[in-house]
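Containing compact mmCIF, C-alpha atoms and all ligand atoms: work.txt.
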```txt
# COMPACT_ATOMS: atom_id res chain seq x y z
CA MET A 1 45.52 2.56 154.52
CA THR A 2 44.30 -0.97 155.11
CA VAL A 3 43.41 -1.38 158.76
CA THR A 4 44.48 -4.72 160.17
CA LEU A 5 43.47 -5.07 163.77
CA PRO A 6 45.87 -6.79 166.19
CA ASP A 7 44.79 -9.55 168.58
CA VAL A 8 44.56 -7.24 171.55
CA ILE A 9 42.41 -4.16 171.14
CA ASP A 10 42.28 -1.31 173.62
CA ARG A 11 41.33 2.35 173.60
CA THR A 12 44.92 3.45 172.96
CA LEU A 13 44.94 1.43 169.77
CA CYS A 14 41.74 3.22 168.71
CA GLU A 15 43.33 6.59 169.39
CA ASP A 16 46.32 5.55 167.26
CA LEU A 17 44.02 4.52 164.43
CA ASP A 18 42.29 7.88 164.59
CA ARG A 19 45.61 9.71 164.42
CA ALA A 20 46.60 7.70 161.34
CA ASP A 21 43.19 8.15 159.69
CA PRO A 22 43.51 10.10 156.41
CA LEU A 23 39.86 11.19 156.74
CA ALA A 24 40.18 12.47 160.31
CA GLY A 25 40.15 16.14 159.26
CA LEU A 26 36.75 15.82 157.61
CA ARG A 27 35.05 15.19 160.94
CA GLU A 28 35.65 18.85 161.77
CA ARG A 29 33.45 19.83 158.87
CA PHE A 30 30.44 18.63 160.82
CA ASP A 31 28.61 20.24 163.71
CA ILE A 32 29.28 17.65 166.41
CA ASP A 33 28.13 17.41 170.01
CA ASP A 34 30.76 15.25 171.66
CA GLY A 35 28.37 14.34 174.46
CA ILE A 36 26.70 11.68 172.37
CA ILE A 37 28.00 8.84 170.27
CA TYR A 38 26.05 8.94 167.04
CA LEU A 39 25.74 5.61 165.27
CA ASP A 40 22.59 6.38 163.31
CA GLY A 41 24.00 8.27 160.33
CA ASN A 42 22.57 5.44 158.23
CA SER A 43 19.13 6.80 159.13
CA LEU A 44 19.81 10.54 159.24
CA GLY A 45 23.29 11.83 158.47
CA ARG A 46 24.95 14.55 160.50
CA LEU A 47 24.65 18.28 160.00
CA PRO A 48 27.63 19.77 158.13
CA ALA A 49 28.99 22.89 159.81
CA ASP A 50 28.42 25.04 156.70
CA THR A 51 24.83 24.03 155.93
CA ALA A 52 23.06 26.64 158.02
CA ALA A 53 25.06 29.53 156.53
CA ARG A 54 24.63 28.22 152.99
CA VAL A 55 20.87 27.87 153.39
CA ALA A 56 20.62 31.27 155.10
CA ARG A 57 22.45 32.87 152.17
CA LEU A 58 20.19 31.20 149.68
CA ILE A 59 17.11 32.36 151.50
CA GLY A 60 18.31 35.87 152.41
CA THR A 61 20.20 36.86 149.28
CA GLU A 62 19.19 34.61 146.41
CA TRP A 63 15.51 34.46 147.28
CA GLY A 64 15.13 37.64 149.34
CA ARG A 65 17.00 39.96 147.00
CA GLY A 66 17.34 38.09 143.73
CA LEU A 67 13.73 36.92 143.70
CA VAL A 68 12.62 35.26 140.49
CA ARG A 69 15.86 36.30 138.76
CA SER A 70 17.70 33.72 140.86
CA TRP A 71 16.27 30.86 138.79
CA THR A 72 18.91 31.87 136.25
CA ASP A 73 21.30 34.23 138.07
CA ALA A 74 21.88 31.91 141.02
CA GLY A 75 21.64 28.77 138.88
CA TRP A 76 18.58 27.34 140.63
CA MET A 77 17.14 25.85 137.46
CA HIS A 78 20.31 23.97 136.67
CA SER A 79 20.97 22.84 140.25
CA PRO A 80 19.45 19.31 139.96
CA ARG A 81 21.84 18.50 137.10
CA ARG A 82 24.81 20.34 138.54
CA LEU A 83 24.56 18.50 141.85
CA GLY A 84 23.73 15.29 139.98
CA GLY A 85 27.06 15.73 138.22
CA LYS A 86 28.81 15.87 141.58
CA ILE A 87 26.98 12.81 142.91
CA ALA A 88 28.00 11.01 139.72
CA ARG A 89 31.59 11.15 140.98
CA VAL A 90 30.54 9.48 144.23
CA VAL A 91 28.79 6.58 142.47
CA GLY A 92 31.07 6.03 139.48
CA ALA A 93 28.83 7.48 136.78
CA ALA A 94 29.20 10.16 134.12
CA GLU A 95 28.15 13.70 134.90
CA ASP A 96 25.17 13.63 132.55
CA GLU A 97 23.77 10.38 133.95
CA VAL A 98 22.70 11.58 137.39
CA LEU A 99 19.95 13.96 138.48
CA VAL A 100 18.83 15.15 141.91
CA THR A 101 15.06 14.87 142.05
CA ASP A 102 12.12 13.75 144.17
CA SER A 103 12.51 11.09 146.86
CA THR A 104 13.96 7.61 146.56
CA SER A 105 10.48 6.09 146.59
CA ILE A 106 9.25 8.34 143.77
CA ASP A 107 12.42 7.74 141.77
CA LEU A 108 11.95 3.99 142.14
CA PHE A 109 8.49 4.38 140.68
CA LYS A 110 9.63 6.55 137.79
CA LEU A 111 12.52 4.29 136.82
CA GLY A 112 10.67 1.03 137.43
CA ALA A 113 7.54 2.02 135.51
CA ALA A 114 9.73 3.22 132.63
CA VAL A 115 11.38 -0.20 132.43
CA VAL A 116 8.07 -2.05 132.43
CA GLN A 117 6.79 0.26 129.72
CA ALA A 118 9.89 -0.37 127.62
CA ARG A 119 9.72 -4.18 127.99
CA PRO A 120 6.13 -5.00 127.00
CA GLN A 121 6.87 -8.67 126.36
CA ARG A 122 8.14 -9.29 129.89
CA SER A 123 5.98 -9.99 132.92
CA VAL A 124 8.17 -10.02 136.04
CA ILE A 125 9.80 -7.53 138.41
CA LEU A 126 12.26 -9.63 140.35
CA THR A 127 13.27 -8.65 143.88
CA GLU A 128 14.05 -10.27 147.22
CA HIS A 129 11.90 -10.84 150.30
CA GLY A 130 14.11 -8.68 152.50
CA ASN A 131 14.21 -5.61 150.26
CA PHE A 132 13.35 -2.29 151.90
CA PRO A 133 9.56 -2.05 152.38
CA SER A 134 9.17 1.10 150.28
CA ASP A 135 10.94 -0.64 147.40
CA LEU A 136 8.54 -3.57 147.70
CA TYR A 137 5.48 -1.32 147.95
CA ILE A 138 6.57 0.67 144.92
CA ALA A 139 7.16 -2.52 142.93
CA GLU A 140 3.62 -3.64 143.80
CA SER A 141 2.30 -0.19 142.87
CA ILE A 142 3.92 -0.53 139.46
CA ALA A 143 2.31 -3.96 139.01
CA ARG A 144 -1.11 -2.51 139.91
CA PHE A 145 -0.52 0.45 137.64
CA PHE A 146 0.02 -1.91 134.70
CA GLU A 147 -3.09 -3.84 135.73
CA GLY A 148 -1.53 -7.23 136.07
CA ARG A 149 0.64 -7.16 132.96
CA VAL A 150 3.58 -7.57 135.35
CA ARG A 151 3.84 -9.22 138.74
CA VAL A 152 6.39 -8.87 141.49
CA GLU A 153 8.34 -12.01 142.22
CA ARG A 154 10.05 -12.03 145.61
CA VAL A 155 12.64 -14.70 146.22
CA ALA A 156 15.30 -15.43 148.83
CA ARG A 157 18.63 -13.77 148.25
CA HIS A 158 20.37 -17.01 147.23
CA GLN A 159 17.68 -17.71 144.64
CA LEU A 160 18.04 -14.43 142.73
CA MET A 161 20.43 -15.78 140.12
CA SER A 162 18.33 -18.82 139.32
CA ALA A 163 15.12 -16.77 139.19
CA LEU A 164 16.46 -14.60 136.37
CA ASP A 165 14.94 -15.70 133.07
CA ASP A 166 13.58 -14.21 129.86
CA GLN A 167 10.35 -13.14 131.58
CA VAL A 168 12.15 -10.73 133.91
CA ALA A 169 11.88 -7.09 132.88
CA MET A 170 13.76 -5.69 135.84
CA LEU A 171 15.90 -6.83 138.73
CA LEU A 172 15.18 -4.47 141.64
CA LEU A 173 17.60 -4.65 144.56
CA THR A 174 18.99 -2.57 147.39
CA HIS A 175 22.78 -2.74 147.23
CA VAL A 176 23.33 -2.81 151.01
CA ASP A 177 20.57 -4.39 153.05
CA PHE A 178 19.01 -1.95 155.51
CA ARG A 179 18.55 -4.59 158.20
CA THR A 180 21.75 -6.61 158.15
CA GLY A 181 24.20 -4.41 156.25
CA GLU A 182 24.86 -7.25 153.80
CA MET A 183 26.07 -6.05 150.39
CA HIS A 184 25.15 -7.60 147.06
CA ASP A 185 27.69 -8.28 144.35
CA MET A 186 26.38 -5.55 142.06
CA ARG A 187 28.49 -6.53 139.12
CA ALA A 188 27.62 -10.22 139.16
CA LEU A 189 23.90 -9.52 139.49
CA SER A 190 23.83 -6.74 136.89
CA ASP A 191 25.70 -9.03 134.47
CA ALA A 192 23.29 -11.86 135.15
CA ALA A 193 20.31 -9.57 134.59
CA ARG A 194 21.75 -8.31 131.32
CA SER A 195 22.47 -11.85 130.12
CA VAL A 196 18.72 -12.61 130.19
CA GLY A 197 17.80 -9.23 128.69
CA ALA A 198 16.56 -7.67 131.95
CA LEU A 199 17.54 -4.26 133.31
CA SER A 200 18.97 -3.77 136.79
CA LEU A 201 17.71 -1.06 139.15
CA TRP A 202 19.83 -0.52 142.24
CA ASP A 203 18.82 1.31 145.39
CA LEU A 204 22.02 2.85 146.77
CA SER A 205 20.48 4.37 149.90
CA HIS A 206 22.84 2.47 152.21
CA SER A 207 25.90 2.45 150.00
CA ALA A 208 26.47 5.83 148.31
CA GLY A 209 28.79 7.75 150.61
CA ALA A 210 29.30 4.71 152.85
CA VAL A 211 31.34 2.38 150.65
CA PRO A 212 32.88 2.77 147.18
CA VAL A 213 30.25 2.44 144.45
CA ASP A 214 31.14 2.20 140.78
CA LEU A 215 28.04 1.93 138.63
CA HIS A 216 29.97 1.88 135.36
CA THR A 217 32.34 -0.88 136.36
CA ALA A 218 29.42 -2.85 137.75
CA GLY A 219 27.49 -2.43 134.50
CA ALA A 220 24.40 -1.20 136.36
CA ASP A 221 21.55 0.14 134.23
CA LEU A 222 19.60 2.30 136.65
CA ALA A 223 19.95 3.46 140.23
CA THR A 224 18.57 5.76 142.86
CA GLY A 225 19.57 6.64 146.41
CA CYS A 226 18.78 8.65 149.42
CA GLY A 227 20.14 12.15 150.14
CA TYR A 228 19.61 12.24 153.90
CA LYS A 229 21.61 9.21 155.04
CA TYR A 230 25.29 8.92 154.12
CA LEU A 231 25.13 12.02 151.91
CA ASN A 232 24.25 14.24 154.89
CA GLY A 233 21.68 16.33 153.04
CA GLY A 234 19.34 16.82 156.01
CA PRO A 235 15.87 15.51 156.87
CA GLY A 236 13.81 14.82 153.76
CA ALA A 237 16.68 15.73 151.43
CA PRO A 238 15.93 14.99 147.78
CA ALA A 239 17.15 11.74 146.27
CA PHE A 240 19.23 11.16 143.14
CA LEU A 241 18.62 8.94 140.16
CA PHE A 242 20.98 7.43 137.61
CA VAL A 243 20.06 6.42 134.06
CA SER A 244 22.85 4.88 132.04
CA ARG A 245 23.59 6.72 128.80
CA ARG A 246 22.91 3.46 127.01
CA LEU A 247 19.25 3.78 128.01
CA GLN A 248 18.60 7.49 127.98
CA ALA A 249 17.14 7.55 124.49
CA GLU A 250 15.03 4.47 125.11
CA LEU A 251 13.43 4.95 128.53
CA ARG A 252 10.76 7.56 129.17
CA ASN A 253 9.92 9.28 132.41
CA PRO A 254 6.37 8.06 133.16
CA ILE A 255 5.56 11.25 135.08
CA ALA A 256 6.11 13.73 132.30
CA GLY A 257 6.00 17.23 133.71
CA TRP A 258 6.89 20.66 132.46
CA LEU A 259 10.49 20.76 133.65
CA GLY A 260 11.30 17.56 131.80
CA HIS A 261 10.05 19.17 128.61
CA ALA A 262 12.52 20.04 125.87
CA SER A 263 11.43 23.66 126.06
CA PRO A 264 9.59 24.37 129.33
CA PHE A 265 9.35 28.11 128.84
CA THR A 266 7.58 28.03 125.52
CA PHE A 267 4.66 26.41 127.38
CA GLU A 268 3.66 24.10 124.57
CA PRO A 269 0.46 22.11 124.98
CA GLU A 270 2.11 18.83 123.90
CA TYR A 271 4.94 17.13 125.72
CA ARG A 272 8.31 16.74 124.06
CA ALA A 273 10.91 15.11 126.29
CA ALA A 274 14.13 17.00 126.94
CA PRO A 275 17.21 15.20 125.68
CA GLY A 276 19.25 13.27 128.22
CA ILE A 277 18.92 13.15 131.97
CA ARG A 278 16.85 16.33 132.25
CA SER A 279 13.80 14.47 130.95
CA TRP A 280 13.61 12.75 134.37
CA MET A 281 12.62 16.03 135.99
CA THR A 282 8.94 16.44 136.64
CA GLY A 283 8.20 19.63 138.57
CA SER A 284 10.19 22.43 140.19
CA PRO A 285 13.28 21.39 142.13
CA PRO A 286 13.42 21.89 145.93
CA VAL A 287 16.08 24.56 145.66
CA ILE A 288 16.61 25.13 149.38
CA ALA A 289 16.96 21.42 150.09
CA ILE A 290 19.31 21.00 147.13
CA ALA A 291 21.56 23.73 148.54
CA ALA A 292 21.71 21.88 151.87
CA LEU A 293 22.47 18.58 150.13
CA GLU A 294 25.25 20.16 148.11
CA VAL A 295 27.16 21.04 151.29
CA GLY A 296 27.13 17.37 152.30
CA ILE A 297 28.20 16.22 148.84
CA ASP A 298 31.08 18.70 148.72
CA ILE A 299 32.53 17.23 151.91
CA LEU A 300 32.16 13.72 150.54
CA LEU A 301 34.01 14.71 147.36
CA GLU A 302 37.01 15.72 149.43
CA ALA A 303 37.30 12.16 150.73
CA ASP A 304 39.25 9.64 148.75
CA ALA A 305 36.79 6.87 147.85
CA ARG A 306 39.26 4.12 148.67
CA ALA A 307 40.05 5.63 152.05
CA LEU A 308 36.33 5.82 152.73
CA GLY A 309 35.89 2.14 151.94
CA GLU A 310 38.92 1.12 154.01
CA LYS A 311 37.68 3.08 156.98
CA ALA A 312 34.18 1.64 156.72
CA ARG A 313 35.80 -1.80 156.82
CA GLY A 314 38.02 -0.84 159.75
CA LEU A 315 35.22 0.62 161.87
CA THR A 316 32.82 -2.25 161.24
CA GLU A 317 35.56 -4.85 161.79
CA LEU A 318 36.46 -3.17 165.07
CA PHE A 319 32.86 -3.18 166.26
CA MET A 320 32.36 -6.83 165.36
CA ARG A 321 35.54 -7.79 167.17
CA LEU A 322 34.41 -5.89 170.27
CA ALA A 323 30.96 -7.47 170.01
CA ASP A 324 32.54 -10.93 169.92
CA ALA A 325 34.86 -10.24 172.81
CA ARG A 326 32.61 -8.24 175.10
CA LEU A 327 28.95 -8.46 174.11
CA GLN A 328 28.39 -12.07 173.17
CA ARG A 329 27.93 -13.04 176.81
CA PHE A 330 24.87 -10.76 177.01
CA GLY A 331 23.17 -12.60 174.16
CA PHE A 332 24.19 -10.47 171.17
CA GLU A 333 24.80 -12.13 167.85
CA VAL A 334 26.45 -10.44 164.87
CA ALA A 335 24.05 -10.47 161.87
CA THR A 336 26.37 -8.68 159.43
CA PRO A 337 28.74 -10.59 157.11
CA ARG A 338 32.27 -11.03 158.45
CA GLU A 339 33.74 -10.79 154.98
CA ALA A 340 34.48 -7.09 154.42
CA ALA A 341 33.59 -7.16 150.72
CA ARG A 342 30.09 -8.34 151.61
CA ARG A 343 29.05 -5.56 153.98
CA GLY A 344 28.38 -1.83 154.05
CA ALA A 345 29.26 0.65 156.80
CA GLN A 346 26.80 -0.84 159.27
CA VAL A 347 26.83 -3.62 161.85
CA SER A 348 23.64 -5.24 163.08
CA LEU A 349 23.43 -7.22 166.27
CA ARG A 350 20.52 -9.48 167.02
CA HIS A 351 19.27 -9.57 170.60
CA ALA A 352 16.05 -10.96 172.08
CA ASP A 353 15.52 -7.65 173.98
CA GLY A 354 16.87 -5.58 171.09
CA TYR A 355 14.25 -2.86 171.33
CA GLY A 356 14.93 -2.23 175.03
CA VAL A 357 18.66 -2.37 174.40
CA VAL A 358 18.48 0.38 171.77
CA ARG A 359 16.22 2.56 173.92
CA ALA A 360 18.47 2.17 176.96
CA LEU A 361 21.53 2.97 174.86
CA ILE A 362 19.90 6.11 173.45
CA ASP A 363 19.08 7.25 176.98
CA ASP A 364 22.73 6.66 177.79
CA GLY A 365 23.95 8.77 174.85
CA VAL A 366 24.66 6.07 172.26
CA ILE A 367 22.28 6.57 169.36
CA GLY A 368 21.59 3.57 167.17
CA ASP A 369 18.24 2.21 166.04
CA PHE A 370 16.09 -0.89 166.09
CA ARG A 371 14.50 -2.86 163.25
CA ASP A 372 12.03 -5.66 163.70
CA PRO A 373 12.11 -8.35 164.82
CA ASP A 374 15.30 -8.23 166.90
CA VAL A 375 17.90 -6.14 165.09
CA CYS A 376 19.97 -3.43 166.79
CA ARG A 377 21.53 -1.36 163.98
CA PHE A 378 24.70 0.63 164.32
CA GLY A 379 25.90 2.78 161.43
CA PHE A 380 29.53 3.84 161.12
CA PRO A 381 29.64 6.55 158.46
CA PRO A 382 33.36 6.75 157.68
CA LEU A 383 33.34 10.51 157.06
CA TYR A 384 32.89 11.46 160.69
CA THR A 385 32.97 8.37 162.89
CA ARG A 386 36.13 7.81 164.94
CA TYR A 387 37.62 4.53 166.11
CA VAL A 388 37.33 5.76 169.72
CA ASP A 389 33.60 6.24 169.16
CA VAL A 390 33.36 2.55 168.36
CA TRP A 391 35.35 1.66 171.46
CA ASP A 392 33.32 3.95 173.72
CA ALA A 393 30.03 2.70 172.31
CA ALA A 394 30.96 -0.91 173.06
CA GLU A 395 32.06 0.12 176.54
CA ARG A 396 28.75 1.84 177.23
CA MET A 397 26.86 -1.15 175.88
CA VAL A 398 28.60 -3.35 178.43
CA THR A 399 27.60 -0.94 181.21
CA VAL A 400 23.99 -0.82 180.05
CA MET A 401 23.74 -4.60 179.84
CA GLU A 402 25.35 -5.10 183.22
CA SER A 403 22.91 -2.65 184.81
CA GLY A 404 19.90 -4.34 183.21
CA ALA A 405 18.60 -0.92 182.08
CA HIS A 406 17.28 -2.46 178.85
CA ARG A 407 14.62 -4.32 180.83
CA ARG A 408 13.01 -1.16 182.21
CA ALA A 409 9.20 -1.20 181.99
CA GLU A 410 9.12 2.09 180.05
CA TYR A 411 10.86 0.37 177.10
CA ALA A 412 8.07 -2.19 176.76
CA GLN A 413 6.03 0.41 174.82
CA ARG A 414 7.18 1.12 171.28
CA ALA A 415 7.85 4.75 170.39
CA GLU A 416 6.32 6.04 167.16
CA ILE A 417 9.68 6.25 165.39
CA THR A 418 12.32 3.65 166.14
C1 LIG B 1 15.87 5.23 153.34
C2 LIG B 1 15.51 4.35 152.20
C3 LIG B 1 14.54 4.73 151.31
C4 LIG B 1 13.78 6.01 151.61
O1 LIG B 1 13.20 6.57 150.57
P1 LIG B 1 12.53 8.02 150.61
O2 LIG B 1 11.41 7.84 149.72
O3 LIG B 1 13.58 8.94 150.06
O4 LIG B 1 12.18 8.35 152.02
C5 LIG B 1 14.26 3.91 150.23
N1 LIG B 1 14.94 2.75 150.05
C6 LIG B 1 15.90 2.36 150.92
C7 LIG B 1 16.64 1.09 150.70
C8 LIG B 1 16.19 3.14 152.03
O5 LIG B 1 17.10 2.75 152.89
```
Transcribe the structure of this file into structure tokens.
Ligand SMILES: *Cc1c(COP(=O)(O)O)cnc(C)c1O
Amino acid sequence: MTVTLPDVIDRTLCEDLDRADPLAGLRERFDIDDGIIYLDGNSLGRLPADTAARVARLIGTEWGRGLVRSWTDAGWMHSPRRLGGKIARVVGAAEDEVLVTDSTSIDLFKLGAAVVQARPQRSVILTEHGNFPSDLYIAESIARFFEGRVRVERVARHQLMSALDDQVAMLLLTHVDFRTGEMHDMRALSDAARSVGALSLWDLSHSAGAVPVDLHTAGADLATGCGYKYLNGGPGAPAFLFVSRRLQAELRNPIAGWLGHASPFTFEPEYRAAPGIRSWMTGSPPVIAIAALEVGIDILLEADARALGEKARGLTELFMRLADARLQRFGFEVATPREAARRGAQVSLRHADGYGVVRALIDDGVIGDFRDPDVCRFGFPPLYTRYVDVWDAAERMVTVMESGAHRRAEYAQRAEIT
């Protein structure tokens, strides 16, 4: 269903859109408090209704009764690959190309260092100024680790193509920008990287589960992404990594640990890498957290990927239209691309008092977040966000701005987590 918004938008229209929404039923699979409007699923996704019972069963039965036998009987040992195989369907990869392991930051290090190791003649990791800080820090860590053999080159987004040359080992980018919601053309950039002999490493933290992702069609080489945002895996959920089959024999996990060994339970003194994606394991998997993540992934797999993308477009389009019509006069400016193909499931509004605005909204039951210097971020995860939520959020924003609540003295102090 392609959502085309009419000239006049009102709440009744939003209710009609919700009734026609093919994903509407999936909202019920989450534990939702209707008293708040949650637009921060791009930071921490919602709690699925079944997660608590699933985790309780794992702890009570599999751990409590099964004890060490559950590594095999309950499939714990295999769970990073099994769930990786499910996530593969979300990101357009093959089952044996994805693994659930570690955090996004650690996975960036593992994949990035492996590329640098495999491309000894090349001296550059290419990225953009606005990339997510952890991605930049990790890139610099890799450069330090290789003691200057590679350097990190940061350029403006529009200079990425021209900065690709035969010195670039790896193009490291986040698919959907965490600040503005702007989406890269993954295919064009992966193609361009390949044409100069570089590998592409994509951070999918703000795209997997938010918009359709097809790593194979895009020709991406490597990827990683976050489990606790649009995948709804819970706080600190493990991340996933993708290594294209084309590269699995060539690249080596730089943090070789026992569970990436070809035969972990013969406890050999020398490392022999396991074949395929399992070699990217290092230590024991976080079994409880993987069980929680799996509940989120199972819901996502029930959603048609196209419907998900269409709804992300519809929700973000609706919010931008409401921002234009009702919020511009308070000094808000839309920072997210208008062209649907160039944005994720997020809309960012710039405002000089952005921090106070977000705090006042949270105190009024509309949860978004703030990113320096002046960005109010609103995430619209298509799995559980309704069109009326978008309408009601805009309405409450108008009320907050009219009351001047965002200028309260208490909002002058920054909270620890924003
Ligand atoms: C959230 C996020 C991360 C977080 O990584 P963790 O190490 O899993 O906390 C990394 N990169 C991007 C782009 C993110 O949005």
### Query
What residues have any atom no more than 10 Å from ligand LIG 1 (chain B) when counting only C-alpha atoms and all ligand atoms, and can you list them as a VMD selection string?
chain A and resid 42 to 44 102 to 108 131 to 136 138 173 to 179 202 to 207 224 to 229 235 to 240
#### Entry: Distance criterion (all atoms listed in the file): nearest to Ala292 (chain A) out of A:Leu47, A:Asp31, A:Val8, A:Gln117
A:Leu47
Using all atoms listed in the file, find each residue of region 50-93 of chain A with at least one atom at most 12 Å away from an atom of region 268-277 of chain A; report its shortest atom-to-atom pair and that distance in Å (one decimal), sort the rows by chain and rising residue number, and return the result as a Markdown table.
```
| residue | atom | partner | partner_atom | distance |
| --- | --- | --- | --- | --- |
| A:His78 | CA | A:Ile277 | CA | 11.9 |
| A:Pro80 | CA | A:Ile277 | CA | 10.1 |
| A:Arg81 | CA | A:Ile277 | CA | 8.0 |
| A:Arg82 | CA | A:Ile277 | CA | 11.4 |
| A:Gly84 | CA | A:Ile277 | CA | 9.6 |
| A:Gly85 | CA | A:Ile277 | CA | 10.6 |
```
### Query
So which residues fall inside 7 Å of (17.5, -3.9, 170.4) if we count all atoms listed in the file? Mind giving them as a list in words?
His351, Asp353, Gly354, Tyr355, Gly356, Val357, Val358, Phe370, Asp374, Val375 and Cys376 of chain A
Kindly provide, as lines of an AutoDock Vina configuration file, the centre and edge lengths (Å, one decimal) of an axis-aligned box around all atoms of region 213-228 of chain A given in the file, with 4 Å on each side.
```
center_x = 25.5
center_y = 4.7
center_z = 144.1
size_x = 21.8
size_y = 23.1
size_z = 27.7
```
### Query
Rounded to one decimal in Å, what is the spacing between CA of Ala163 (chain A) and CA of Phe109 (chain A)?
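Result for CA of Ala163 (chain A) versus CA of Phe109 (chain A): 22.2 Å, one decimal.
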### Query
What separation in Å, quoted to one decimal, exists between CA of Pro48 (chain A) and CA of Gly35 (chain A)?
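Separation of CA of Pro48 (chain A) and CA of Gly35 (chain A): 17.2 Å.
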Using only C-alpha atoms, I'd like a table of the residues in region 227-321 of chain A that come within 12 Å of region 61-67 of chain A; for each, show the closest atom pair and its distance in Å rounded to one decimal, ordered by chain and ascending number, as JSON lines.
```
{"residue": "A:Val287", "atom": "CA", "partner": "A:Trp63", "partner_atom": "CA", "distance": 10.0}
{"residue": "A:Ile288", "atom": "CA", "partner": "A:Trp63", "partner_atom": "CA", "distance": 9.6}
{"residue": "A:Ala291", "atom": "CA", "partner": "A:Glu62", "partner_atom": "CA", "distance": 11.3}
```
### Query
Which polymer residues, protein or nucleic acid, are no farther than 10 Å from (43.8, 8.8, 157.4), counting all atoms listed in the file, as a PyMOL selection string?
chain A and resi 1+17-26+303-304+307-308+310-311
Keeping only C-alpha atoms, take the residues you just selected and write them out as an mmCIF file, keeping the file's coordinate frame.
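Writing the result to result18.cif gives the following:
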```cif
data_model
loop_
_atom_site.group_PDB
_atom_site.id
_atom_site.type_symbol
_atom_site.label_atom_id
_atom_site.label_comp_id
_atom_site.auth_asym_id
_atom_site.auth_seq_id
_atom_site.Cartn_x
_atom_site.Cartn_y
_atom_site.Cartn_z
ATOM 1 C CA MET A 1 45.520 2.560 154.520
ATOM 2 C CA LEU A 17 44.020 4.520 164.430
ATOM 3 C CA ASP A 18 42.290 7.880 164.590
ATOM 4 C CA ARG A 19 45.610 9.710 164.420
ATOM 5 C CA ALA A 20 46.600 7.700 161.340
ATOM 6 C CA ASP A 21 43.190 8.150 159.690
ATOM 7 C CA PRO A 22 43.510 10.100 156.410
ATOM 8 C CA LEU A 23 39.860 11.190 156.740
ATOM 9 C CA ALA A 24 40.180 12.470 160.310
ATOM 10 C CA GLY A 25 40.150 16.140 159.260
ATOM 11 C CA LEU A 26 36.750 15.820 157.610
ATOM 12 C CA ALA A 303 37.300 12.160 150.730
ATOM 13 C CA ASP A 304 39.250 9.640 148.750
ATOM 14 C CA ALA A 307 40.050 5.630 152.050
ATOM 15 C CA LEU A 308 36.330 5.820 152.730
ATOM 16 C CA GLU A 310 38.920 1.120 154.010
ATOM 17 C CA LYS A 311 37.680 3.080 156.980
#
```
#### Entry: Point-to-point distance in Å for CA of Leu126 (chain A) and CA of Asp96 (chain A)
27.7 Å
### Query
With all atoms listed in the file as the atoms that count, which of A:Ala156, A:Ile9, A:Val90, A:Ile362 lies nearest to Val388 (chain A)?
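For Val388 (chain A), the nearest of the candidates is A:Ile9.
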### Task
Extract, using all atoms listed in the file, all DNA, RNA and protein residues at most 7 Å from Arg377 (chain A), discarding same-chain residues fewer than 5 positions from it, and format them as a list in words.
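The residues that qualify are Val347, Ser348, Leu349, Gly368, Asp369 and Phe370 of chain A.
Between His184 (chain A) and the candidates A:Glu128, A:Asn253, A:Ser284, A:Arg151, the tightest atom-to-atom separation, counting all atoms listed in the file, involves A:Glu128.
Each of A:Thr418, A:Ser244, A:Gln346, A:Ser279 was checked against Leu215 (chain A) using all atoms listed in the file; the smallest atom-to-atom distance is that of A:Ser244.
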### Query
Pick the closest to Leu164 (chain A) from A:Ser190, A:Thr282, A:Thr399, A:Asn232: which is it, counting only C-alpha atoms?
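Closest to Leu164 (chain A) of all the choices is A:Ser190.
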### Task
Measuring atom to atom with all atoms listed in the file, identify which of A:Ala94, A:Leu99, A:Val124, A:Leu13 is nearest to Met281 (chain A).
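With all atoms listed in the file as the atom set, the closest residue is A:Leu99.
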### Task
Find the residues around Ala405 (chain A) up to 8 Å (only C-alpha atoms counted), leave out those fewer than 4 positions away in its own chain, and share them as a list in words.
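Result of the neighbour search: Val357, Ala360, Val400 and Met401 of chain A.
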Need to verify the contact set: Asp389 (chain A), 12 Å, only C-alpha atoms, exclusion of same-chain residues closer than 5 positions in sequence. Can you return it as an mmCIF file with C-alpha atoms, keeping the file's coordinate frame?
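Below you can see out03.cif, which holds the result:
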```
data_model
loop_
_atom_site.group_PDB
_atom_site.id
_atom_site.type_symbol
_atom_site.label_atom_id
_atom_site.label_comp_id
_atom_site.auth_asym_id
_atom_site.auth_seq_id
_atom_site.Cartn_x
_atom_site.Cartn_y
_atom_site.Cartn_z
ATOM 1 C CA ARG A 11 41.330 2.350 173.600
ATOM 2 C CA CYS A 14 41.740 3.220 168.710
ATOM 3 C CA GLU A 15 43.330 6.590 169.390
ATOM 4 C CA LEU A 17 44.020 4.520 164.430
ATOM 5 C CA ASP A 18 42.290 7.880 164.590
ATOM 6 C CA ASP A 34 30.760 15.250 171.660
ATOM 7 C CA GLY A 35 28.370 14.340 174.460
ATOM 8 C CA ILE A 36 26.700 11.680 172.370
ATOM 9 C CA ILE A 37 28.000 8.840 170.270
ATOM 10 C CA TYR A 38 26.050 8.940 167.040
ATOM 11 C CA LEU A 39 25.740 5.610 165.270
ATOM 12 C CA LEU A 315 35.220 0.620 161.870
ATOM 13 C CA THR A 316 32.820 -2.250 161.240
ATOM 14 C CA LEU A 318 36.460 -3.170 165.070
ATOM 15 C CA PHE A 319 32.860 -3.180 166.260
ATOM 16 C CA GLY A 365 23.950 8.770 174.850
ATOM 17 C CA VAL A 366 24.660 6.070 172.260
ATOM 18 C CA ILE A 367 22.280 6.570 169.360
ATOM 19 C CA PHE A 378 24.700 0.630 164.320
ATOM 20 C CA GLY A 379 25.900 2.780 161.430
ATOM 21 C CA PHE A 380 29.530 3.840 161.120
ATOM 22 C CA PRO A 381 29.640 6.550 158.460
ATOM 23 C CA PRO A 382 33.360 6.750 157.680
ATOM 24 C CA TYR A 384 32.890 11.460 160.690
ATOM 25 C CA ALA A 394 30.960 -0.910 173.060
ATOM 26 C CA GLU A 395 32.060 0.120 176.540
ATOM 27 C CA ARG A 396 28.750 1.840 177.230
#
```
